[in-house]
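Note: the block below is structure-v4.pdb and it holds PDB, N, CA and C atoms.
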```pdb
ATOM      1  N   MET A   1       0.852  -1.178   0.000
ATOM      2  CA  MET A   1       0.000   0.000   0.000
ATOM      3  C   MET A   1       0.887   1.226   0.000
ATOM      4  N   LEU A   2       0.654   2.171  -0.884
ATOM      5  CA  LEU A   2       1.411   3.416  -0.940
ATOM      6  C   LEU A   2       0.540   4.557  -0.454
ATOM      7  N   PHE A   3       1.121   5.399   0.398
ATOM      8  CA  PHE A   3       0.425   6.568   0.922
ATOM      9  C   PHE A   3       1.204   7.812   0.562
ATOM     10  N   PRO A   4       0.705   8.674  -0.329
ATOM     11  CA  PRO A   4       1.405   9.936  -0.551
ATOM     12  C   PRO A   4       1.214  10.824   0.670
ATOM     13  N   ALA A   5       2.301  11.122   1.380
ATOM     14  CA  ALA A   5       2.218  11.914   2.606
ATOM     15  C   ALA A   5       2.175  13.400   2.297
ATOM     16  N   GLY A   6       2.356  13.784   1.080
ATOM     17  CA  GLY A   6       2.308  15.184   0.692
ATOM     18  C   GLY A   6       3.171  15.384  -0.535
ATOM     19  N   TYR A   7       2.689  16.125  -1.498
ATOM     20  CA  TYR A   7       3.449  16.360  -2.709
ATOM     21  C   TYR A   7       3.451  17.833  -3.058
ATOM     22  N   SER A   8       4.533  18.279  -3.611
ATOM     23  CA  SER A   8       4.607  19.558  -4.301
ATOM     24  C   SER A   8       5.610  19.327  -5.408
ATOM     25  N   ALA A   9       5.720  20.239  -6.329
ATOM     26  CA  ALA A   9       6.653  20.060  -7.436
ATOM     27  C   ALA A   9       8.087  19.923  -6.937
ATOM     28  N   ALA A  10       8.422  20.615  -5.846
ATOM     29  CA  ALA A  10       9.805  20.630  -5.369
ATOM     30  C   ALA A  10      10.072  19.689  -4.198
ATOM     31  N   ILE A  11       9.042  19.245  -3.486
ATOM     32  CA  ILE A  11       9.267  18.486  -2.250
ATOM     33  C   ILE A  11       8.467  17.184  -2.257
ATOM     34  N   PRO A  12       8.947  16.164  -2.948
ATOM     35  CA  PRO A  12       8.224  14.893  -2.911
ATOM     36  C   PRO A  12       8.490  14.138  -1.609
ATOM     37  N   ARG A  13       7.437  13.530  -1.074
ATOM     38  CA  ARG A  13       7.525  12.682   0.121
ATOM     39  C   ARG A  13       6.700  11.432  -0.131
ATOM     40  N   LEU A  14       7.139  10.328   0.430
ATOM     41  CA  LEU A  14       6.420   9.081   0.202
ATOM     42  C   LEU A  14       6.508   8.182   1.431
ATOM     43  N   CYS A  15       5.378   7.621   1.806
ATOM     44  CA  CYS A  15       5.323   6.647   2.896
ATOM     45  C   CYS A  15       4.807   5.334   2.313
ATOM     46  N   VAL A  16       5.538   4.256   2.553
ATOM     47  CA  VAL A  16       5.164   2.932   2.063
ATOM     48  C   VAL A  16       4.826   2.067   3.276
ATOM     49  N   SER A  17       3.712   1.343   3.211
ATOM     50  CA  SER A  17       3.292   0.542   4.359
ATOM     51  C   SER A  17       2.634  -0.751   3.895
ATOM     52  N   PHE A  18       2.808  -1.807   4.683
ATOM     53  CA  PHE A  18       2.090  -3.052   4.425
ATOM     54  C   PHE A  18       1.908  -3.804   5.731
ATOM     55  N   SER A  19       0.993  -4.747   5.703
ATOM     56  CA  SER A  19       0.727  -5.577   6.876
ATOM     57  C   SER A  19       1.344  -6.950   6.641
ATOM     58  N   PRO A  20       2.249  -7.386   7.531
ATOM     59  CA  PRO A  20       2.846  -8.718   7.375
ATOM     60  C   PRO A  20       1.791  -9.818   7.514
ATOM     61  N   ALA A  21       2.206 -11.037   7.273
ATOM     62  CA  ALA A  21       1.294 -12.179   7.407
ATOM     63  C   ALA A  21       0.744 -12.261   8.827
ATOM     64  N   ARG A  22      -0.452 -12.785   8.961
ATOM     65  CA  ARG A  22      -1.073 -12.936  10.286
ATOM     66  C   ARG A  22      -0.155 -13.733  11.207
ATOM     67  N   GLY A  23      -0.233 -13.404  12.495
ATOM     68  CA  GLY A  23       0.578 -14.109  13.469
ATOM     69  C   GLY A  23       1.953 -13.499  13.677
ATOM     70  N   ARG A  24       2.265 -12.442  12.940
ATOM     71  CA  ARG A  24       3.560 -11.780  13.097
ATOM     72  C   ARG A  24       3.506 -10.816  14.271
ATOM     73  N   LYS A  25       4.663 -10.323  14.692
ATOM     74  CA  LYS A  25       4.775  -9.454  15.859
ATOM     75  C   LYS A  25       4.094  -8.100  15.648
ATOM     76  N   TYR A  26       4.087  -7.587  14.412
ATOM     77  CA  TYR A  26       3.558  -6.249  14.134
ATOM     78  C   TYR A  26       2.319  -6.317  13.256
ATOM     79  N   ASP A  27       1.396  -5.386  13.501
ATOM     80  CA  ASP A  27       0.187  -5.300  12.679
ATOM     81  C   ASP A  27       0.484  -4.684  11.323
ATOM     82  N   PHE A  28       1.409  -3.715  11.287
ATOM     83  CA  PHE A  28       1.844  -3.140  10.023
ATOM     84  C   PHE A  28       3.243  -2.575  10.178
ATOM     85  N   VAL A  29       3.915  -2.440   9.037
ATOM     86  CA  VAL A  29       5.257  -1.865   9.001
ATOM     87  C   VAL A  29       5.261  -0.753   7.961
ATOM     88  N   SER A  30       6.275   0.130   8.044
ATOM     89  CA  SER A  30       6.317   1.249   7.106
ATOM     90  C   SER A  30       7.738   1.746   6.905
ATOM     91  N   ARG A  31       7.891   2.569   5.869
ATOM     92  CA  ARG A  31       9.116   3.339   5.626
ATOM     93  C   ARG A  31       8.669   4.702   5.121
ATOM     94  N   TYR A  32       9.457   5.746   5.435
ATOM     95  CA  TYR A  32       9.098   7.115   5.056
ATOM     96  C   TYR A  32      10.305   7.788   4.417
ATOM     97  N   PHE A  33      10.107   8.342   3.222
ATOM     98  CA  PHE A  33      11.172   8.994   2.462
ATOM     99  C   PHE A  33      10.773  10.433   2.142
ATOM    100  N   ALA A  34      11.705  11.367   2.322
ATOM    101  CA  ALA A  34      11.459  12.777   1.981
ATOM    102  C   ALA A  34      12.745  13.416   1.466
ATOM    103  N   PRO A  35      13.301  12.915   0.367
ATOM    104  CA  PRO A  35      14.572  13.453  -0.126
ATOM    105  C   PRO A  35      14.480  14.902  -0.586
ATOM    106  N   GLY A  36      13.305  15.333  -0.988
ATOM    107  CA  GLY A  36      13.127  16.716  -1.441
ATOM    108  C   GLY A  36      13.324  17.741  -0.345
ATOM    109  N   ILE A  37      13.253  17.325   0.921
ATOM    110  CA  ILE A  37      13.495  18.255   2.030
ATOM    111  C   ILE A  37      14.740  17.839   2.822
ATOM    112  N   GLY A  38      15.609  17.052   2.173
ATOM    113  CA  GLY A  38      16.875  16.691   2.793
ATOM    114  C   GLY A  38      16.822  15.517   3.745
ATOM    115  N   VAL A  39      15.743  14.732   3.694
ATOM    116  CA  VAL A  39      15.617  13.557   4.569
ATOM    117  C   VAL A  39      15.507  12.324   3.669
ATOM    118  N   PRO A  40      16.650  11.689   3.353
ATOM    119  CA  PRO A  40      16.565  10.520   2.475
ATOM    120  C   PRO A  40      15.588   9.470   3.011
ATOM    121  N   GLU A  41      15.689   9.175   4.313
ATOM    122  CA  GLU A  41      14.722   8.290   4.966
ATOM    123  C   GLU A  41      14.628   8.675   6.433
ATOM    124  N   ASP A  42      13.406   8.925   6.896
ATOM    125  CA  ASP A  42      13.190   9.266   8.305
ATOM    126  C   ASP A  42      13.161   7.964   9.103
ATOM    127  N   PRO A  43      13.919   7.879  10.209
ATOM    128  CA  PRO A  43      13.984   6.618  10.951
ATOM    129  C   PRO A  43      12.661   6.182  11.575
ATOM    130  N   VAL A  44      11.929   7.102  12.202
ATOM    131  CA  VAL A  44      10.627   6.784  12.804
ATOM    132  C   VAL A  44       9.775   8.046  12.695
ATOM    133  N   THR A  45       8.662   7.968  11.973
ATOM    134  CA  THR A  45       7.884   9.153  11.620
ATOM    135  C   THR A  45       6.523   9.145  12.300
ATOM    136  N   GLY A  46       6.415   9.856  13.418
ATOM    137  CA  GLY A  46       5.151   9.926  14.145
ATOM    138  C   GLY A  46       4.030  10.517  13.320
ATOM    139  N   SER A  47       4.333  11.577  12.567
ATOM    140  CA  SER A  47       3.285  12.240  11.781
ATOM    141  C   SER A  47       2.707  11.310  10.719
ATOM    142  N   ALA A  48       3.520  10.478  10.113
ATOM    143  CA  ALA A  48       3.014   9.536   9.106
ATOM    144  C   ALA A  48       2.073   8.519   9.742
ATOM    145  N   HIS A  49       2.355   8.141  10.971
ATOM    146  CA  HIS A  49       1.505   7.159  11.643
ATOM    147  C   HIS A  49       0.132   7.722  11.999
ATOM    148  N   CYS A  50       0.002   9.027  12.046
ATOM    149  CA  CYS A  50      -1.326   9.627  12.266
ATOM    150  C   CYS A  50      -2.238   9.381  11.069
ATOM    151  N   THR A  51      -1.664   9.108   9.911
ATOM    152  CA  THR A  51      -2.431   8.732   8.725
ATOM    153  C   THR A  51      -2.538   7.216   8.605
ATOM    154  N   LEU A  52      -1.454   6.531   8.922
ATOM    155  CA  LEU A  52      -1.435   5.073   8.784
ATOM    156  C   LEU A  52      -2.344   4.358   9.782
ATOM    157  N   VAL A  53      -2.382   4.829  11.017
ATOM    158  CA  VAL A  53      -3.152   4.143  12.067
ATOM    159  C   VAL A  53      -4.642   4.046  11.728
ATOM    160  N   PRO A  54      -5.326   5.129  11.326
ATOM    161  CA  PRO A  54      -6.749   4.974  10.973
ATOM    162  C   PRO A  54      -6.969   3.981   9.826
ATOM    163  N   TYR A  55      -6.086   4.021   8.834
ATOM    164  CA  TYR A  55      -6.207   3.101   7.705
ATOM    165  C   TYR A  55      -6.110   1.645   8.175
ATOM    166  N   TRP A  56      -5.038   1.317   8.915
ATOM    167  CA  TRP A  56      -4.827  -0.061   9.345
ATOM    168  C   TRP A  56      -5.822  -0.487  10.414
ATOM    169  N   ALA A  57      -6.259   0.423  11.271
ATOM    170  CA  ALA A  57      -7.272   0.085  12.280
ATOM    171  C   ALA A  57      -8.556  -0.386  11.597
ATOM    172  N   GLU A  58      -8.946   0.325  10.545
ATOM    173  CA  GLU A  58     -10.157  -0.052   9.812
ATOM    174  C   GLU A  58      -9.951  -1.363   9.055
ATOM    175  N   LYS A  59      -8.827  -1.479   8.361
ATOM    176  CA  LYS A  59      -8.552  -2.688   7.573
ATOM    177  C   LYS A  59      -8.475  -3.944   8.439
ATOM    178  N   LEU A  60      -7.835  -3.807   9.615
ATOM    179  CA  LEU A  60      -7.614  -4.967  10.475
ATOM    180  C   LEU A  60      -8.681  -5.131  11.554
ATOM    181  N   GLY A  61      -9.569  -4.124  11.694
ATOM    182  CA  GLY A  61     -10.626  -4.197  12.701
ATOM    183  C   GLY A  61     -10.095  -4.164  14.119
ATOM    184  N   LYS A  62      -9.075  -3.333  14.352
ATOM    185  CA  LYS A  62      -8.433  -3.265  15.667
ATOM    186  C   LYS A  62      -8.304  -1.818  16.126
ATOM    187  N   GLU A  63      -8.437  -1.587  17.425
ATOM    188  CA  GLU A  63      -8.237  -0.261  18.015
ATOM    189  C   GLU A  63      -6.776  -0.077  18.423
ATOM    190  N   HIS A  64      -6.163  -1.117  18.962
ATOM    191  CA  HIS A  64      -4.760  -1.080  19.396
ATOM    192  C   HIS A  64      -3.914  -1.792  18.346
ATOM    193  N   LEU A  65      -2.879  -1.102  17.883
ATOM    194  CA  LEU A  65      -2.016  -1.652  16.843
ATOM    195  C   LEU A  65      -0.556  -1.557  17.270
ATOM    196  N   ARG A  66       0.219  -2.480  16.780
ATOM    197  CA  ARG A  66       1.664  -2.464  17.019
ATOM    198  C   ARG A  66       2.337  -2.322  15.657
ATOM    199  N   ALA A  67       3.157  -1.280  15.516
ATOM    200  CA  ALA A  67       3.777  -0.978  14.229
ATOM    201  C   ALA A  67       5.294  -0.963  14.355
ATOM    202  N   TYR A  68       5.957  -1.078  13.212
ATOM    203  CA  TYR A  68       7.412  -0.989  13.180
ATOM    204  C   TYR A  68       7.816  -0.236  11.929
ATOM    205  N   GLN A  69       8.714   0.738  12.085
ATOM    206  CA  GLN A  69       9.240   1.453  10.926
ATOM    207  C   GLN A  69      10.555   0.783  10.540
ATOM    208  N   LEU A  70      10.641   0.336   9.302
ATOM    209  CA  LEU A  70      11.734  -0.506   8.830
ATOM    210  C   LEU A  70      12.954   0.267   8.327
ATOM    211  N   SER A  71      13.270   1.390   8.922
ATOM    212  CA  SER A  71      14.474   2.135   8.548
ATOM    213  C   SER A  71      15.700   1.412   9.089
ATOM    214  N   LYS A  72      16.881   1.904   8.737
ATOM    215  CA  LYS A  72      18.117   1.296   9.240
ATOM    216  C   LYS A  72      18.125   1.274  10.773
ATOM    217  N   ARG A  73      17.748   2.396  11.398
ATOM    218  CA  ARG A  73      17.684   2.458  12.864
ATOM    219  C   ARG A  73      16.473   1.699  13.390
ATOM    220  N   GLY A  74      15.365   1.822  12.700
ATOM    221  CA  GLY A  74      14.134   1.142  13.074
ATOM    222  C   GLY A  74      13.490   1.698  14.328
ATOM    223  N   GLY A  75      12.229   1.403  14.491
ATOM    224  CA  GLY A  75      11.525   1.852  15.677
ATOM    225  C   GLY A  75      10.172   1.183  15.820
ATOM    226  N   GLU A  76       9.888   0.756  17.048
ATOM    227  CA  GLU A  76       8.611   0.130  17.375
ATOM    228  C   GLU A  76       7.653   1.208  17.870
ATOM    229  N   ILE A  77       6.421   1.183  17.376
ATOM    230  CA  ILE A  77       5.431   2.198  17.718
ATOM    231  C   ILE A  77       4.164   1.499  18.193
ATOM    232  N   PHE A  78       3.700   1.888  19.369
ATOM    233  CA  PHE A  78       2.441   1.382  19.904
ATOM    234  C   PHE A  78       1.374   2.413  19.582
ATOM    235  N   CYS A  79       0.296   1.983  18.953
ATOM    236  CA  CYS A  79      -0.707   2.901  18.419
ATOM    237  C   CYS A  79      -2.098   2.557  18.951
ATOM    238  N   ARG A  80      -2.908   3.598  19.079
ATOM    239  CA  ARG A  80      -4.308   3.413  19.463
ATOM    240  C   ARG A  80      -5.154   4.363  18.630
ATOM    241  N   TYR A  81      -6.159   3.816  17.974
ATOM    242  CA  TYR A  81      -7.065   4.619  17.156
ATOM    243  C   TYR A  81      -8.324   4.898  17.951
ATOM    244  N   GLN A  82      -8.657   6.196  18.111
ATOM    245  CA  GLN A  82      -9.830   6.619  18.880
ATOM    246  C   GLN A  82     -10.709   7.543  18.045
ATOM    247  N   GLY A  83     -11.119   7.097  16.881
ATOM    248  CA  GLY A  83     -11.983   7.908  16.038
ATOM    249  C   GLY A  83     -11.267   9.110  15.454
ATOM    250  N   GLU A  84     -11.442  10.267  16.068
ATOM    251  CA  GLU A  84     -10.802  11.481  15.565
ATOM    252  C   GLU A  84      -9.389  11.667  16.112
ATOM    253  N   ARG A  85      -8.950  10.783  16.969
ATOM    254  CA  ARG A  85      -7.616  10.908  17.580
ATOM    255  C   ARG A  85      -6.805   9.625  17.387
ATOM    256  N   VAL A  86      -5.495   9.841  17.293
ATOM    257  CA  VAL A  86      -4.550   8.734  17.228
ATOM    258  C   VAL A  86      -3.540   8.939  18.341
ATOM    259  N   GLN A  87      -3.324   7.925  19.150
ATOM    260  CA  GLN A  87      -2.277   7.970  20.175
ATOM    261  C   GLN A  87      -1.135   7.077  19.714
ATOM    262  N   ILE A  88       0.089   7.612  19.788
ATOM    263  CA  ILE A  88       1.257   6.805  19.474
ATOM    264  C   ILE A  88       2.251   6.921  20.619
ATOM    265  N   SER A  89       2.956   5.844  20.876
ATOM    266  CA  SER A  89       3.987   5.868  21.913
ATOM    267  C   SER A  89       5.094   4.901  21.528
ATOM    268  N   GLY A  90       6.227   5.083  22.165
ATOM    269  CA  GLY A  90       7.384   4.236  21.923
ATOM    270  C   GLY A  90       8.559   4.805  22.681
ATOM    271  N   GLN A  91       9.720   4.256  22.467
ATOM    272  CA  GLN A  91      10.915   4.775  23.120
ATOM    273  C   GLN A  91      11.462   5.945  22.319
ATOM    274  N   ALA A  92      12.025   6.926  23.030
ATOM    275  CA  ALA A  92      12.587   8.105  22.378
ATOM    276  C   ALA A  92      13.844   8.542  23.113
ATOM    277  N   ALA A  93      14.659   9.316  22.430
ATOM    278  CA  ALA A  93      15.859   9.899  23.024
ATOM    279  C   ALA A  93      15.728  11.411  22.946
ATOM    280  N   LEU A  94      16.175  12.113  23.976
ATOM    281  CA  LEU A  94      16.129  13.573  23.984
ATOM    282  C   LEU A  94      17.040  14.109  22.890
ATOM    283  N   TYR A  95      16.482  14.907  22.002
ATOM    284  CA  TYR A  95      17.226  15.470  20.883
ATOM    285  C   TYR A  95      17.599  16.920  21.142
ATOM    286  N   ALA A  96      16.682  17.677  21.726
ATOM    287  CA  ALA A  96      16.915  19.095  21.989
ATOM    288  C   ALA A  96      16.101  19.514  23.203
ATOM    289  N   LYS A  97      16.536  20.576  23.829
ATOM    290  CA  LYS A  97      15.843  21.104  24.991
ATOM    291  C   LYS A  97      15.894  22.621  24.903
ATOM    292  N   GLY A  98      14.805  23.286  25.242
ATOM    293  CA  GLY A  98      14.793  24.741  25.164
ATOM    294  C   GLY A  98      13.464  25.316  25.591
ATOM    295  N   GLU A  99      13.322  26.616  25.388
ATOM    296  CA  GLU A  99      12.088  27.329  25.714
ATOM    297  C   GLU A  99      11.628  28.106  24.498
ATOM    298  N   ILE A 100      10.320  28.216  24.359
ATOM    299  CA  ILE A 100       9.727  29.001  23.282
ATOM    300  C   ILE A 100       8.776  30.003  23.910
ATOM    301  N   TRP A 101       8.941  31.267  23.583
ATOM    302  CA  TRP A 101       8.041  32.322  24.060
ATOM    303  C   TRP A 101       7.079  32.674  22.945
ATOM    304  N   LEU A 102       5.789  32.659  23.252
ATOM    305  CA  LEU A 102       4.763  32.996  22.263
ATOM    306  C   LEU A 102       4.163  34.338  22.571
TER     307      LEU A 102
END
```
Encoded form using structure tokens:
Amino acid sequence: MLFPAGYSAAIPRLCVSFSPARGRKYDFVSRYFAPGIGVPEDPVTGSAHCTLVPYWAEKLGKEHLRAYQLSKRGGEIFCRYQGERVQISGQAALYAKGEIWL
């Protein structure tokens, strides 16, 4: 299954996803590419899963899903579909810290 995550003439992005055979550890797996914005492959893409989770929840008839992003680094994502909301969780590392004044 191919999901166009967003297109413009200058910034192509693509998310590829499929569901492995039944009985496997994950409900679906994915990869995300955005070379047009300097990201050859994103290791784990939370924003893409906000689109993928509703699709796979409906296809598989499940509210709770377990996903894996198949990048070189890889990442396991625990997902929950709640109608208009998607919850995702997993392990993360602190990348930056700071304050923003609005």
- Using all atoms listed in the file, which residues sit within 7 Å of region 90-95 of chain A once same-chain residues fewer than 6 positions away are excluded, as a PyMOL selection string? chain A and resi 76-78
(request) Take atom N of Glu58 (chain A) and atom N of Leu70 (chain A) and report the distance between them in Å, one decimal. (result)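 Value for the atom N of Glu58 (chain A)-atom N of Leu70 (chain A) distance: 19.6 Å.
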Report task. Would you work out the distance separating atom C of Tyr26 (chain A) from atom C of Val39 (chain A), expressed in Å to one decimal? Result ->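 Separating atom C of Tyr26 (chain A) from atom C of Val39 (chain A) is a distance of 24.8 Å.
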- Query: For Gly75 (chain A), which residue out of A:Gly38, A:Pro54, A:Pro43, A:Pro20 is the nearest one, using all atoms listed in the file?
  - Reply: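 Going through A:Gly38, A:Pro54, A:Pro43, A:Pro20 one by one, the smallest distance to Gly75 (chain A) is for A:Pro43.
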Could you work out how far CA of Lys97 (chain A) lies from CA of Arg66 (chain A), giving the answer in Å with one decimal?
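Between these atoms lies a distance of 28.6 Å.
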